[in-house]
file my_file12.pdb (PDB, C-alpha atoms and all ligand atoms)
ATOM      1  CA  MET A 313     -44.541 -35.496 -24.903  1.00  0.00           C
ATOM      2  CA  ARG A 314     -42.181 -34.297 -22.208  1.00  0.00           C
ATOM      3  CA  ARG A 315     -40.643 -37.194 -20.306  1.00  0.00           C
ATOM      4  CA  ALA A 316     -41.296 -36.869 -16.580  1.00  0.00           C
ATOM      5  CA  LEU A 317     -38.530 -36.081 -14.112  1.00  0.00           C
ATOM      6  CA  VAL A 318     -38.881 -37.116 -10.483  1.00  0.00           C
ATOM      7  CA  ALA A 319     -36.323 -35.598  -8.120  1.00  0.00           C
ATOM      8  CA  GLY A 320     -35.785 -36.532  -4.491  1.00  0.00           C
ATOM      9  CA  ASN A 321     -34.718 -33.648  -2.270  1.00  0.00           C
ATOM     10  CA  TRP A 322     -33.508 -35.337   0.884  1.00  0.00           C
ATOM     11  CA  LYS A 323     -32.974 -31.963   2.583  1.00  0.00           C
ATOM     12  CA  MET A 324     -30.888 -32.243   5.804  1.00  0.00           C
ATOM     13  CA  ASN A 325     -31.869 -35.823   6.599  1.00  0.00           C
ATOM     14  CA  GLY A 326     -30.251 -39.198   6.913  1.00  0.00           C
ATOM     15  CA  SER A 327     -26.823 -40.663   7.437  1.00  0.00           C
ATOM     16  CA  ARG A 328     -24.160 -42.186   5.246  1.00  0.00           C
ATOM     17  CA  ALA A 329     -25.691 -45.631   5.786  1.00  0.00           C
ATOM     18  CA  MET A 330     -29.129 -44.367   4.809  1.00  0.00           C
ATOM     19  CA  ALA A 331     -27.722 -42.631   1.724  1.00  0.00           C
ATOM     20  CA  HIS A 332     -25.989 -45.838   0.679  1.00  0.00           C
ATOM     21  CA  ASP A 333     -28.950 -48.116   1.246  1.00  0.00           C
ATOM     22  CA  LEU A 334     -31.543 -45.804  -0.279  1.00  0.00           C
ATOM     23  CA  THR A 335     -29.404 -45.309  -3.387  1.00  0.00           C
ATOM     24  CA  ALA A 336     -28.882 -49.055  -3.723  1.00  0.00           C
ATOM     25  CA  ALA A 337     -32.604 -49.758  -3.439  1.00  0.00           C
ATOM     26  CA  ILE A 338     -33.505 -47.150  -6.057  1.00  0.00           C
ATOM     27  CA  VAL A 339     -30.826 -48.310  -8.486  1.00  0.00           C
ATOM     28  CA  ALA A 340     -31.865 -51.945  -8.064  1.00  0.00           C
ATOM     29  CA  ALA A 341     -35.474 -51.096  -8.911  1.00  0.00           C
ATOM     30  CA  ARG A 342     -34.419 -49.502 -12.259  1.00  0.00           C
ATOM     31  CA  PRO A 343     -37.284 -46.988 -12.378  1.00  0.00           C
ATOM     32  CA  ASP A 344     -37.936 -46.307 -16.051  1.00  0.00           C
ATOM     33  CA  LYS A 345     -41.200 -44.383 -16.326  1.00  0.00           C
ATOM     34  CA  ALA A 346     -39.461 -41.130 -15.436  1.00  0.00           C
ATOM     35  CA  ASP A 347     -35.967 -39.704 -15.336  1.00  0.00           C
ATOM     36  CA  VAL A 348     -34.867 -39.856 -11.704  1.00  0.00           C
ATOM     37  CA  LEU A 349     -32.639 -37.452  -9.803  1.00  0.00           C
ATOM     38  CA  LEU A 350     -31.362 -37.829  -6.234  1.00  0.00           C
ATOM     39  CA  CYS A 351     -30.298 -34.755  -4.259  1.00  0.00           C
ATOM     40  CA  PRO A 352     -28.658 -35.883  -1.003  1.00  0.00           C
ATOM     41  CA  PRO A 353     -26.955 -33.686   1.572  1.00  0.00           C
ATOM     42  CA  THR A 354     -23.545 -32.469   0.368  1.00  0.00           C
ATOM     43  CA  PRO A 355     -21.376 -34.786   2.530  1.00  0.00           C
ATOM     44  CA  TYR A 356     -23.076 -37.818   0.992  1.00  0.00           C
ATOM     45  CA  LEU A 357     -22.690 -36.840  -2.662  1.00  0.00           C
ATOM     46  CA  GLY A 358     -19.694 -39.177  -2.994  1.00  0.00           C
ATOM     47  CA  THR A 359     -21.536 -42.099  -1.437  1.00  0.00           C
ATOM     48  CA  VAL A 360     -24.542 -41.614  -3.684  1.00  0.00           C
ATOM     49  CA  ALA A 361     -22.369 -41.004  -6.765  1.00  0.00           C
ATOM     50  CA  ALA A 362     -20.623 -44.328  -6.160  1.00  0.00           C
ATOM     51  CA  GLY A 363     -23.958 -46.078  -5.790  1.00  0.00           C
ATOM     52  CA  LEU A 364     -25.247 -44.534  -9.013  1.00  0.00           C
ATOM     53  CA  ALA A 365     -22.273 -45.600 -11.154  1.00  0.00           C
ATOM     54  CA  GLY A 366     -23.577 -47.339 -14.257  1.00  0.00           C
ATOM     55  CA  SER A 367     -27.183 -46.379 -13.484  1.00  0.00           C
ATOM     56  CA  ALA A 368     -29.387 -43.915 -15.370  1.00  0.00           C
ATOM     57  CA  VAL A 369     -30.358 -42.253 -12.076  1.00  0.00           C
ATOM     58  CA  MET A 370     -28.810 -38.790 -11.835  1.00  0.00           C
ATOM     59  CA  LEU A 371     -27.170 -36.908  -8.984  1.00  0.00           C
ATOM     60  CA  GLY A 372     -27.927 -33.379  -7.863  1.00  0.00           C
ATOM     61  CA  ALA A 373     -27.062 -31.037  -5.021  1.00  0.00           C
ATOM     62  CA  GLN A 374     -29.424 -28.917  -2.938  1.00  0.00           C
ATOM     63  CA  ASP A 375     -27.686 -25.560  -3.336  1.00  0.00           C
ATOM     64  CA  CYS A 376     -24.408 -23.950  -4.390  1.00  0.00           C
ATOM     65  CA  SER A 377     -22.583 -20.685  -3.958  1.00  0.00           C
ATOM     66  CA  GLU A 378     -22.970 -17.825  -6.402  1.00  0.00           C
ATOM     67  CA  HIS A 379     -19.198 -17.321  -6.114  1.00  0.00           C
ATOM     68  CA  ALA A 380     -16.647 -19.242  -8.170  1.00  0.00           C
ATOM     69  CA  SER A 381     -14.169 -20.004  -5.364  1.00  0.00           C
ATOM     70  CA  GLY A 382     -12.279 -18.306  -2.591  1.00  0.00           C
ATOM     71  CA  ALA A 383     -12.720 -17.135   0.972  1.00  0.00           C
ATOM     72  CA  TYR A 384     -16.328 -18.216   1.553  1.00  0.00           C
ATOM     73  CA  THR A 385     -16.107 -20.521   4.541  1.00  0.00           C
ATOM     74  CA  GLY A 386     -18.786 -23.159   4.576  1.00  0.00           C
ATOM     75  CA  GLU A 387     -19.932 -22.586   1.012  1.00  0.00           C
ATOM     76  CA  VAL A 388     -19.779 -25.112  -1.815  1.00  0.00           C
ATOM     77  CA  ALA A 389     -18.828 -24.108  -5.348  1.00  0.00           C
ATOM     78  CA  ALA A 390     -20.775 -25.270  -8.377  1.00  0.00           C
ATOM     79  CA  SER A 391     -17.546 -26.553  -9.911  1.00  0.00           C
ATOM     80  CA  MET A 392     -17.059 -28.793  -6.856  1.00  0.00           C
ATOM     81  CA  LEU A 393     -20.496 -30.270  -7.384  1.00  0.00           C
ATOM     82  CA  VAL A 394     -19.608 -31.078 -10.992  1.00  0.00           C
ATOM     83  CA  ASP A 395     -16.408 -32.650  -9.683  1.00  0.00           C
ATOM     84  CA  SER A 396     -18.497 -34.738  -7.294  1.00  0.00           C
ATOM     85  CA  GLY A 397     -20.619 -36.173 -10.092  1.00  0.00           C
ATOM     86  CA  CYS A 398     -23.625 -33.848 -10.010  1.00  0.00           C
ATOM     87  CA  SER A 399     -25.529 -33.035 -13.168  1.00  0.00           C
ATOM     88  CA  HIS A 400     -28.137 -30.852 -11.439  1.00  0.00           C
ATOM     89  CA  VAL A 401     -28.456 -28.444  -8.524  1.00  0.00           C
ATOM     90  CA  ILE A 402     -31.598 -27.237  -6.780  1.00  0.00           C
ATOM     91  CA  LEU A 403     -31.555 -23.440  -6.449  1.00  0.00           C
ATOM     92  CA  GLY A 404     -33.930 -21.020  -4.791  1.00  0.00           C
ATOM     93  CA  HIS A 405     -35.667 -23.622  -2.663  1.00  0.00           C
ATOM     94  CA  SER A 406     -38.134 -21.854  -0.396  1.00  0.00           C
ATOM     95  CA  GLU A 407     -36.218 -23.023   2.678  1.00  0.00           C
ATOM     96  CA  ARG A 408     -33.126 -21.278   1.318  1.00  0.00           C
ATOM     97  CA  ARG A 409     -35.188 -18.205   0.498  1.00  0.00           C
ATOM     98  CA  GLN A 410     -36.944 -18.075   3.867  1.00  0.00           C
ATOM     99  CA  LEU A 411     -34.234 -19.238   6.270  1.00  0.00           C
ATOM    100  CA  PHE A 412     -30.937 -18.348   4.609  1.00  0.00           C
ATOM    101  CA  GLY A 413     -31.499 -15.061   2.864  1.00  0.00           C
ATOM    102  CA  ASP A 414     -31.481 -16.277  -0.720  1.00  0.00           C
ATOM    103  CA  ASP A 415     -33.286 -13.398  -2.399  1.00  0.00           C
ATOM    104  CA  ASP A 416     -34.224 -13.266  -6.069  1.00  0.00           C
ATOM    105  CA  THR A 417     -30.970 -11.570  -7.054  1.00  0.00           C
ATOM    106  CA  ARG A 418     -28.793 -14.117  -5.309  1.00  0.00           C
ATOM    107  CA  VAL A 419     -30.806 -17.025  -6.671  1.00  0.00           C
ATOM    108  CA  ALA A 420     -30.378 -15.642 -10.170  1.00  0.00           C
ATOM    109  CA  ALA A 421     -26.622 -15.286  -9.588  1.00  0.00           C
ATOM    110  CA  LYS A 422     -26.491 -18.893  -8.399  1.00  0.00           C
ATOM    111  CA  VAL A 423     -28.372 -20.045 -11.486  1.00  0.00           C
ATOM    112  CA  ALA A 424     -25.875 -18.219 -13.704  1.00  0.00           C
ATOM    113  CA  ARG A 425     -22.897 -19.621 -11.810  1.00  0.00           C
ATOM    114  CA  ALA A 426     -24.213 -23.178 -11.725  1.00  0.00           C
ATOM    115  CA  HIS A 427     -25.038 -23.151 -15.408  1.00  0.00           C
ATOM    116  CA  GLY A 428     -21.673 -21.629 -16.245  1.00  0.00           C
ATOM    117  CA  CYS A 429     -20.042 -24.592 -14.517  1.00  0.00           C
ATOM    118  CA  GLY A 430     -22.095 -27.101 -16.497  1.00  0.00           C
ATOM    119  CA  LEU A 431     -24.857 -27.883 -14.008  1.00  0.00           C
ATOM    120  CA  LYS A 432     -28.539 -27.997 -14.873  1.00  0.00           C
ATOM    121  CA  PRO A 433     -30.327 -25.706 -12.398  1.00  0.00           C
ATOM    122  CA  VAL A 434     -33.605 -26.835 -10.841  1.00  0.00           C
ATOM    123  CA  LEU A 435     -35.061 -23.417 -10.051  1.00  0.00           C
ATOM    124  CA  CYS A 436     -37.708 -23.423  -7.322  1.00  0.00           C
ATOM    125  CA  VAL A 437     -40.462 -20.841  -7.231  1.00  0.00           C
ATOM    126  CA  GLY A 438     -43.626 -20.615  -5.200  1.00  0.00           C
ATOM    127  CA  GLU A 439     -45.865 -18.387  -3.150  1.00  0.00           C
ATOM    128  CA  THR A 440     -46.349 -18.258   0.601  1.00  0.00           C
ATOM    129  CA  LEU A 441     -49.734 -18.810   2.214  1.00  0.00           C
ATOM    130  CA  ASP A 442     -50.088 -15.050   2.759  1.00  0.00           C
ATOM    131  CA  GLU A 443     -49.375 -14.393  -0.893  1.00  0.00           C
ATOM    132  CA  ARG A 444     -51.953 -16.974  -1.996  1.00  0.00           C
ATOM    133  CA  ARG A 445     -54.558 -15.512   0.372  1.00  0.00           C
ATOM    134  CA  ALA A 446     -53.824 -12.050  -0.977  1.00  0.00           C
ATOM    135  CA  ASP A 447     -54.349 -13.316  -4.523  1.00  0.00           C
ATOM    136  CA  ALA A 448     -50.685 -12.589  -5.189  1.00  0.00           C
ATOM    137  CA  THR A 449     -49.590 -16.066  -6.314  1.00  0.00           C
ATOM    138  CA  GLU A 450     -48.867 -15.075  -9.891  1.00  0.00           C
ATOM    139  CA  ALA A 451     -47.131 -11.870  -8.831  1.00  0.00           C
ATOM    140  CA  ALA A 452     -44.842 -13.767  -6.457  1.00  0.00           C
ATOM    141  CA  VAL A 453     -43.998 -16.459  -8.981  1.00  0.00           C
ATOM    142  CA  ALA A 454     -43.479 -13.893 -11.740  1.00  0.00           C
ATOM    143  CA  ARG A 455     -41.075 -11.916  -9.556  1.00  0.00           C
ATOM    144  CA  GLN A 456     -39.015 -15.036  -8.783  1.00  0.00           C
ATOM    145  CA  LEU A 457     -39.018 -16.143 -12.414  1.00  0.00           C
ATOM    146  CA  ASP A 458     -38.254 -12.774 -13.924  1.00  0.00           C
ATOM    147  CA  ALA A 459     -35.053 -12.416 -11.886  1.00  0.00           C
ATOM    148  CA  VAL A 460     -33.740 -15.472 -13.735  1.00  0.00           C
ATOM    149  CA  LEU A 461     -35.387 -14.805 -17.090  1.00  0.00           C
ATOM    150  CA  GLY A 462     -33.633 -11.430 -17.144  1.00  0.00           C
ATOM    151  CA  LEU A 463     -30.140 -12.890 -16.836  1.00  0.00           C
ATOM    152  CA  ASP A 464     -27.556 -12.264 -19.537  1.00  0.00           C
ATOM    153  CA  GLY A 465     -27.206 -15.446 -21.525  1.00  0.00           C
ATOM    154  CA  ILE A 466     -30.677 -16.641 -20.597  1.00  0.00           C
ATOM    155  CA  ALA A 467     -31.102 -18.408 -23.962  1.00  0.00           C
ATOM    156  CA  ALA A 468     -28.333 -20.867 -23.141  1.00  0.00           C
ATOM    157  CA  ILE A 469     -29.477 -21.233 -19.532  1.00  0.00           C
ATOM    158  CA  LEU A 470     -33.034 -22.017 -20.581  1.00  0.00           C
ATOM    159  CA  ALA A 471     -31.795 -24.960 -22.605  1.00  0.00           C
ATOM    160  CA  ASP A 472     -30.764 -26.684 -19.366  1.00  0.00           C
ATOM    161  CA  LEU A 473     -33.207 -25.206 -16.883  1.00  0.00           C
ATOM    162  CA  VAL A 474     -35.813 -27.166 -14.938  1.00  0.00           C
ATOM    163  CA  ILE A 475     -38.388 -25.189 -12.944  1.00  0.00           C
ATOM    164  CA  ALA A 476     -40.089 -26.559  -9.859  1.00  0.00           C
ATOM    165  CA  TYR A 477     -43.277 -24.955  -8.583  1.00  0.00           C
ATOM    166  CA  GLU A 478     -43.394 -25.444  -4.842  1.00  0.00           C
ATOM    167  CA  PRO A 479     -46.134 -23.555  -3.026  1.00  0.00           C
ATOM    168  CA  VAL A 480     -44.576 -22.828   0.346  1.00  0.00           C
ATOM    169  CA  TRP A 481     -47.813 -23.670   2.173  1.00  0.00           C
ATOM    170  CA  ALA A 482     -47.725 -27.196   0.738  1.00  0.00           C
ATOM    171  CA  ILE A 483     -44.147 -28.093   1.683  1.00  0.00           C
ATOM    172  CA  GLY A 484     -43.901 -30.618   4.471  1.00  0.00           C
ATOM    173  CA  THR A 485     -47.397 -29.742   5.646  1.00  0.00           C
ATOM    174  CA  GLY A 486     -49.305 -32.667   4.191  1.00  0.00           C
ATOM    175  CA  GLU A 487     -51.334 -30.082   2.333  1.00  0.00           C
ATOM    176  CA  THR A 488     -51.051 -30.498  -1.439  1.00  0.00           C
ATOM    177  CA  ALA A 489     -52.101 -28.048  -4.084  1.00  0.00           C
ATOM    178  CA  THR A 490     -54.994 -29.611  -5.939  1.00  0.00           C
ATOM    179  CA  PRO A 491     -54.052 -30.781  -9.422  1.00  0.00           C
ATOM    180  CA  ALA A 492     -56.084 -27.878 -10.800  1.00  0.00           C
ATOM    181  CA  GLN A 493     -54.353 -25.322  -8.561  1.00  0.00           C
ATOM    182  CA  ALA A 494     -50.929 -26.651  -9.494  1.00  0.00           C
ATOM    183  CA  GLN A 495     -51.806 -26.871 -13.180  1.00  0.00           C
ATOM    184  CA  ALA A 496     -52.924 -23.239 -13.219  1.00  0.00           C
ATOM    185  CA  VAL A 497     -49.592 -22.018 -11.866  1.00  0.00           C
ATOM    186  CA  HIS A 498     -47.624 -24.368 -14.132  1.00  0.00           C
ATOM    187  CA  ALA A 499     -49.458 -22.979 -17.147  1.00  0.00           C
ATOM    188  CA  PHE A 500     -48.665 -19.469 -15.922  1.00  0.00           C
ATOM    189  CA  ILE A 501     -44.953 -20.368 -15.581  1.00  0.00           C
ATOM    190  CA  ARG A 502     -44.840 -21.909 -19.039  1.00  0.00           C
ATOM    191  CA  GLU A 503     -46.467 -18.842 -20.530  1.00  0.00           C
ATOM    192  CA  ARG A 504     -43.955 -16.588 -18.762  1.00  0.00           C
ATOM    193  CA  VAL A 505     -41.022 -18.607 -20.115  1.00  0.00           C
ATOM    194  CA  ALA A 506     -42.627 -18.561 -23.567  1.00  0.00           C
ATOM    195  CA  ARG A 507     -42.309 -14.798 -23.627  1.00  0.00           C
ATOM    196  CA  VAL A 508     -38.549 -15.347 -23.727  1.00  0.00           C
ATOM    197  CA  ASP A 509     -38.403 -18.547 -25.786  1.00  0.00           C
ATOM    198  CA  ALA A 510     -41.644 -20.148 -26.936  1.00  0.00           C
ATOM    199  CA  ALA A 511     -40.058 -23.294 -28.339  1.00  0.00           C
ATOM    200  CA  ARG A 512     -38.089 -23.960 -25.188  1.00  0.00           C
ATOM    201  CA  ALA A 513     -41.107 -23.226 -22.987  1.00  0.00           C
ATOM    202  CA  ALA A 514     -43.018 -25.943 -24.806  1.00  0.00           C
ATOM    203  CA  ASP A 515     -40.486 -28.662 -24.002  1.00  0.00           C
ATOM    204  CA  MET A 516     -39.179 -27.434 -20.618  1.00  0.00           C
ATOM    205  CA  ARG A 517     -39.946 -29.690 -17.675  1.00  0.00           C
ATOM    206  CA  LEU A 518     -41.972 -28.082 -14.905  1.00  0.00           C
ATOM    207  CA  LEU A 519     -42.018 -30.064 -11.661  1.00  0.00           C
ATOM    208  CA  TYR A 520     -44.539 -29.799  -8.858  1.00  0.00           C
ATOM    209  CA  GLY A 521     -43.331 -30.045  -5.247  1.00  0.00           C
ATOM    210  CA  GLY A 522     -45.227 -29.949  -1.982  1.00  0.00           C
ATOM    211  CA  SER A 523     -46.442 -33.038  -0.132  1.00  0.00           C
ATOM    212  CA  VAL A 524     -46.337 -35.290  -3.200  1.00  0.00           C
ATOM    213  CA  LYS A 525     -47.107 -38.834  -2.046  1.00  0.00           C
ATOM    214  CA  PRO A 526     -47.802 -42.125  -3.831  1.00  0.00           C
ATOM    215  CA  ALA A 527     -51.522 -41.475  -3.321  1.00  0.00           C
ATOM    216  CA  ASN A 528     -51.617 -38.113  -5.117  1.00  0.00           C
ATOM    217  CA  ALA A 529     -48.701 -38.333  -7.584  1.00  0.00           C
ATOM    218  CA  ALA A 530     -50.569 -39.839 -10.535  1.00  0.00           C
ATOM    219  CA  GLU A 531     -53.305 -37.204 -10.582  1.00  0.00           C
ATOM    220  CA  LEU A 532     -50.765 -34.394 -10.339  1.00  0.00           C
ATOM    221  CA  PHE A 533     -48.519 -35.866 -13.043  1.00  0.00           C
ATOM    222  CA  ALA A 534     -51.528 -36.346 -15.320  1.00  0.00           C
ATOM    223  CA  MET A 535     -51.995 -32.582 -15.634  1.00  0.00           C
ATOM    224  CA  PRO A 536     -50.856 -31.221 -18.980  1.00  0.00           C
ATOM    225  CA  ASP A 537     -48.211 -28.838 -17.640  1.00  0.00           C
ATOM    226  CA  ILE A 538     -46.916 -30.947 -14.727  1.00  0.00           C
ATOM    227  CA  ASP A 539     -43.905 -32.939 -15.873  1.00  0.00           C
ATOM    228  CA  GLY A 540     -42.914 -34.680 -12.670  1.00  0.00           C
ATOM    229  CA  GLY A 541     -42.167 -33.785  -9.104  1.00  0.00           C
ATOM    230  CA  LEU A 542     -39.680 -32.508  -6.571  1.00  0.00           C
ATOM    231  CA  ILE A 543     -40.213 -34.809  -3.624  1.00  0.00           C
ATOM    232  CA  GLY A 544     -39.192 -34.100  -0.025  1.00  0.00           C
ATOM    233  CA  GLY A 545     -40.453 -36.357   2.743  1.00  0.00           C
ATOM    234  CA  ALA A 546     -41.568 -39.164   0.458  1.00  0.00           C
ATOM    235  CA  SER A 547     -38.088 -39.391  -1.096  1.00  0.00           C
ATOM    236  CA  LEU A 548     -36.484 -40.586   2.132  1.00  0.00           C
ATOM    237  CA  GLU A 549     -37.633 -44.173   1.721  1.00  0.00           C
ATOM    238  CA  ALA A 550     -37.330 -46.275  -1.400  1.00  0.00           C
ATOM    239  CA  GLU A 551     -40.847 -47.648  -1.533  1.00  0.00           C
ATOM    240  CA  PRO A 552     -42.857 -44.405  -1.644  1.00  0.00           C
ATOM    241  CA  PHE A 553     -40.270 -42.681  -3.802  1.00  0.00           C
ATOM    242  CA  LEU A 554     -40.296 -45.497  -6.361  1.00  0.00           C
ATOM    243  CA  ALA A 555     -44.083 -45.530  -6.316  1.00  0.00           C
ATOM    244  CA  ILE A 556     -44.038 -41.823  -7.171  1.00  0.00           C
ATOM    245  CA  CYS A 557     -41.501 -42.444  -9.968  1.00  0.00           C
ATOM    246  CA  ASN A 558     -43.818 -45.145 -11.333  1.00  0.00           C
ATOM    247  CA  ALA A 559     -46.816 -42.793 -11.195  1.00  0.00           C
ATOM    248  CA  ALA A 560     -45.476 -40.884 -14.186  1.00  0.00           C
ATOM    249  CA  PRO A 561     -47.800 -41.298 -17.159  1.00  0.00           C
TER     250      PRO A 561
HETATM  251  P1  LIG B   1     -42.356 -32.335   0.883  1.00  0.00           P
HETATM  252  O1  LIG B   1     -42.528 -33.333  -0.245  1.00  0.00           O
HETATM  253  O2  LIG B   1     -41.815 -32.958   2.130  1.00  0.00           O
HETATM  254  O3  LIG B   1     -43.572 -31.501   1.088  1.00  0.00           O
HETATM  255  O4  LIG B   1     -41.187 -31.328   0.388  1.00  0.00           O
HETATM  256  C1  LIG B   1     -41.321 -30.719  -0.835  1.00  0.00           C
HETATM  257  C2  LIG B   1     -40.028 -30.027  -1.120  1.00  0.00           C
HETATM  258  O5  LIG B   1     -39.720 -29.007  -0.552  1.00  0.00           O
HETATM  259  C3  LIG B   1     -39.136 -30.630  -2.103  1.00  0.00           C
HETATM  260  O6  LIG B   1     -38.112 -29.747  -2.449  1.00  0.00           O
END

call {"tool": "encode", "arguments": {"input": "my_file12.pdb", "output": "structure tokens", "more": "lines below"}}
Ligand code: 13P
result
Amino acid sequence: MRRALVAGNWKMNGSRAMAHDLTAAIVAARPDKADVLLCPPTPYLGTVAAGLAGSAVMLGAQDCSEHASGAYTGEVAASMLVDSGCSHVILGHSERRQLFGDDDTRVAAKVARAHGCGLKPVLCVGETLDERRADATEAAVARQLDAVLGLDGIAAILADLVIAYEPVWAIGTGETATPAQAQAVHAFIRERVARVDAARAADMRLLYGGSVKPANAAELFAMPDIDGGLIGGASLEAEPFLAICNAAP
């Protein structure tokens, strides 16, 4: 069985004090039903890394540049994230895609760069409400996936890749995909990856994200192709986040 992974995406929230205290509370609870990953805002990576020292909880970033280094004011290089203690980086989050111009090509370039620097990419895919209404969910997800699955060196990247299905209409809206809706897209994603590498597709972790709460986590995580979650709002406080971690089967 695939061991669950529960990742907290704090987005642009909190303060240094909050980052410190939340990390301390999560580490003290020693969640052990799932692997746990915290993705704080970039300025707090050091604070969270210090709090995670000696713990099994992992550190991730929320984005990185597709460029290696140089004159890219405001950007953060993947190598710097490694230097800061990150093992993972979220890439292609729908907020990056919608608000900051991260198109499929750039997301794929970021995945390649991050992996080349030793990070495990958490690739986000998901359809908008319009796409779902137009019955274009699979087409949208396939387009986002195929940009990455077509990369040179995809075999090596797949070994470290995590994919998160986050329907845009379910993010921060309180509206969750039903377990059956999420499962259907997860199965589609796994089948798409299997076209490239069937063995890897079978053991790759596919996370669901979009209004996961303690009340709905267990039924989502019980689905055969849902291997954990990417948690936004409910990751900003220890109690609900830990409850979600403990909802892993
Ligand atoms: P919410 O859990 O707040 O809906 O956010 C989901 C998300 O975007 C995680 O990356």

call {"tool": "resolve_selection", "arguments": {"input": "my_file12.pdb", "expression": "the PyMOL selection byres (((chain A and resi 504) around 10) and not hetatm)", "output": "PDB file with C-alpha atoms, in the coordinates of the input"}}
result
ATOM      1  CA  VAL A 453     -43.998 -16.459  -8.981  1.00  0.00           C
ATOM      2  CA  ALA A 454     -43.479 -13.893 -11.740  1.00  0.00           C
ATOM      3  CA  LEU A 457     -39.018 -16.143 -12.414  1.00  0.00           C
ATOM      4  CA  ASP A 458     -38.254 -12.774 -13.924  1.00  0.00           C
ATOM      5  CA  LEU A 461     -35.387 -14.805 -17.090  1.00  0.00           C
ATOM      6  CA  HIS A 498     -47.624 -24.368 -14.132  1.00  0.00           C
ATOM      7  CA  ALA A 499     -49.458 -22.979 -17.147  1.00  0.00           C
ATOM      8  CA  PHE A 500     -48.665 -19.469 -15.922  1.00  0.00           C
ATOM      9  CA  ILE A 501     -44.953 -20.368 -15.581  1.00  0.00           C
ATOM     10  CA  ARG A 502     -44.840 -21.909 -19.039  1.00  0.00           C
ATOM     11  CA  GLU A 503     -46.467 -18.842 -20.530  1.00  0.00           C
ATOM     12  CA  VAL A 505     -41.022 -18.607 -20.115  1.00  0.00           C
ATOM     13  CA  ALA A 506     -42.627 -18.561 -23.567  1.00  0.00           C
ATOM     14  CA  ARG A 507     -42.309 -14.798 -23.627  1.00  0.00           C
ATOM     15  CA  VAL A 508     -38.549 -15.347 -23.727  1.00  0.00           C
ATOM     16  CA  ASP A 509     -38.403 -18.547 -25.786  1.00  0.00           C
ATOM     17  CA  ALA A 510     -41.644 -20.148 -26.936  1.00  0.00           C
ATOM     18  CA  ALA A 513     -41.107 -23.226 -22.987  1.00  0.00           C
TER      19      ALA A 513
END

call {"tool": "atom_distance", "arguments": {"input": "my_file12.pdb", "atom1": "atom CA of Gly465 of chain A", "atom2": "atom CA of Ala389 of chain A"}}
result
20.2 Å

call {"tool": "residues_near_ligand", "arguments": {"input": "my_file12.pdb", "ligand": "ligand LIG 1 (chain B)", "cutoff": "9 Å", "atoms": "all atoms listed in the file", "output": "ChimeraX atom specification"}}
result
/A:319-323,374,402,405-407,436,476,478-488,520-525,541-547

call {"tool": "closest_residue", "arguments": {"input": "my_file12.pdb", "among": "A:Ala426, A:Val437, A:Ala560, A:Leu554", "to": "Val369 of chain A", "atoms": "all atoms listed in the file"}}
result
A:Leu554

call {"tool": "closest_residue", "arguments": {"input": "my_file12.pdb", "among": "A:Leu371, A:Tyr477, A:Gly366, A:Gly413", "to": "Pro353 of chain A", "atoms": "all atoms listed in the file"}}
result
A:Leu371

call {"tool": "closest_residue", "arguments": {"input": "my_file12.pdb", "among": "A:Cys376, A:Met392, A:Leu431, A:Ser367", "to": "Ala341 of chain A", "atoms": "all atoms listed in the file"}}
result
A:Ser367

call {"tool": "atom_distance", "arguments": {"input": "my_file12.pdb", "atom1": "atom CA of Val460 of chain A", "atom2": "atom CA of Ser381 of chain A"}}
result
21.8 Å

call {"tool": "closest_residue", "arguments": {"input": "my_file12.pdb", "among": "A:Leu548, A:Ile466, A:Ala340, A:Val419", "to": "Ser327 of chain A", "atoms": "all atoms listed in the file"}}
result
A:Leu548

call {"tool": "residues_near_point", "arguments": {"input": "my_file12.pdb", "point": "(-18.9, -24.8, -11.4)", "cutoff": "6 Å", "atoms": "all atoms listed in the file", "output": "PyMOL selection string"}}
result
chain A and resi 390-391+426+429

call {"tool": "residues_around", "arguments": {"input": "my_file12.pdb", "residues": "Ala420 of chain A", "least_positions_apart": "3", "cutoff": "10 Å", "atoms": "all atoms listed in the file", "output": "list in words"}}
result
Glu378, Leu403, Gly404, Asp414, Asp415, Asp416, Thr417, Val423, Ala424, Arg425, Ala426, Leu435, Gln456, Leu457, Asp458, Ala459, Val460, Leu461, Gly462 and Leu463 of chain A

call {"tool": "closest_residue", "arguments": {"input": "my_file12.pdb", "among": "A:Ser377, A:Gly372, A:Ala362, A:Leu411", "to": "Val394 of chain A", "atoms": "only C-alpha atoms"}}
result
A:Gly372

call {"tool": "resolve_selection", "arguments": {"input": "my_file12.pdb", "expression": "the PyMOL selection byres (((chain A and resi 347) around 6) and not hetatm)", "output": "ChimeraX atom specification"}}
result
/A:317,346,348

call {"tool": "residues_around", "arguments": {"input": "my_file12.pdb", "residues": "Ala336 of chain A", "least_positions_apart": "5", "cutoff": "9 Å", "atoms": "only C-alpha atoms", "output": "MDAnalysis selection string"}}
result
chainID A and resid 331 341 360 363:364

call {"tool": "write_last_selection", "arguments": {"input": "my_file12.pdb", "atoms": "C-alpha atoms", "output": "short mmCIF file (atom, residue, chain, number, x, y, z; two decimals), in the frame of the given file"}}
result
data_model
loop_
_atom_site.label_atom_id
_atom_site.label_comp_id
_atom_site.auth_asym_id
_atom_site.auth_seq_id
_atom_site.Cartn_x
_atom_site.Cartn_y
_atom_site.Cartn_z
CA ALA A 331 -27.72 -42.63 1.72
CA ALA A 341 -35.47 -51.10 -8.91
CA VAL A 360 -24.54 -41.61 -3.68
CA GLY A 363 -23.96 -46.08 -5.79
CA LEU A 364 -25.25 -44.53 -9.01
#

call {"tool": "atom_distance", "arguments": {"input": "my_file12.pdb", "atom1": "atom CA of Ala361 of chain A", "atom2": "atom CA of Arg328 of chain A"}}
result
12.2 Å

call {"tool": "resolve_selection", "arguments": {"input": "my_file12.pdb", "expression": "the PyMOL selection byres (((chain A and resi 432) around 8) and not hetatm)", "output": "list in words"}}
result
Ser399, His400, Val401, Ala426, His427, Gly430, Leu431, Pro433, Val434, Asp472, Leu473 and Val474 of chain A
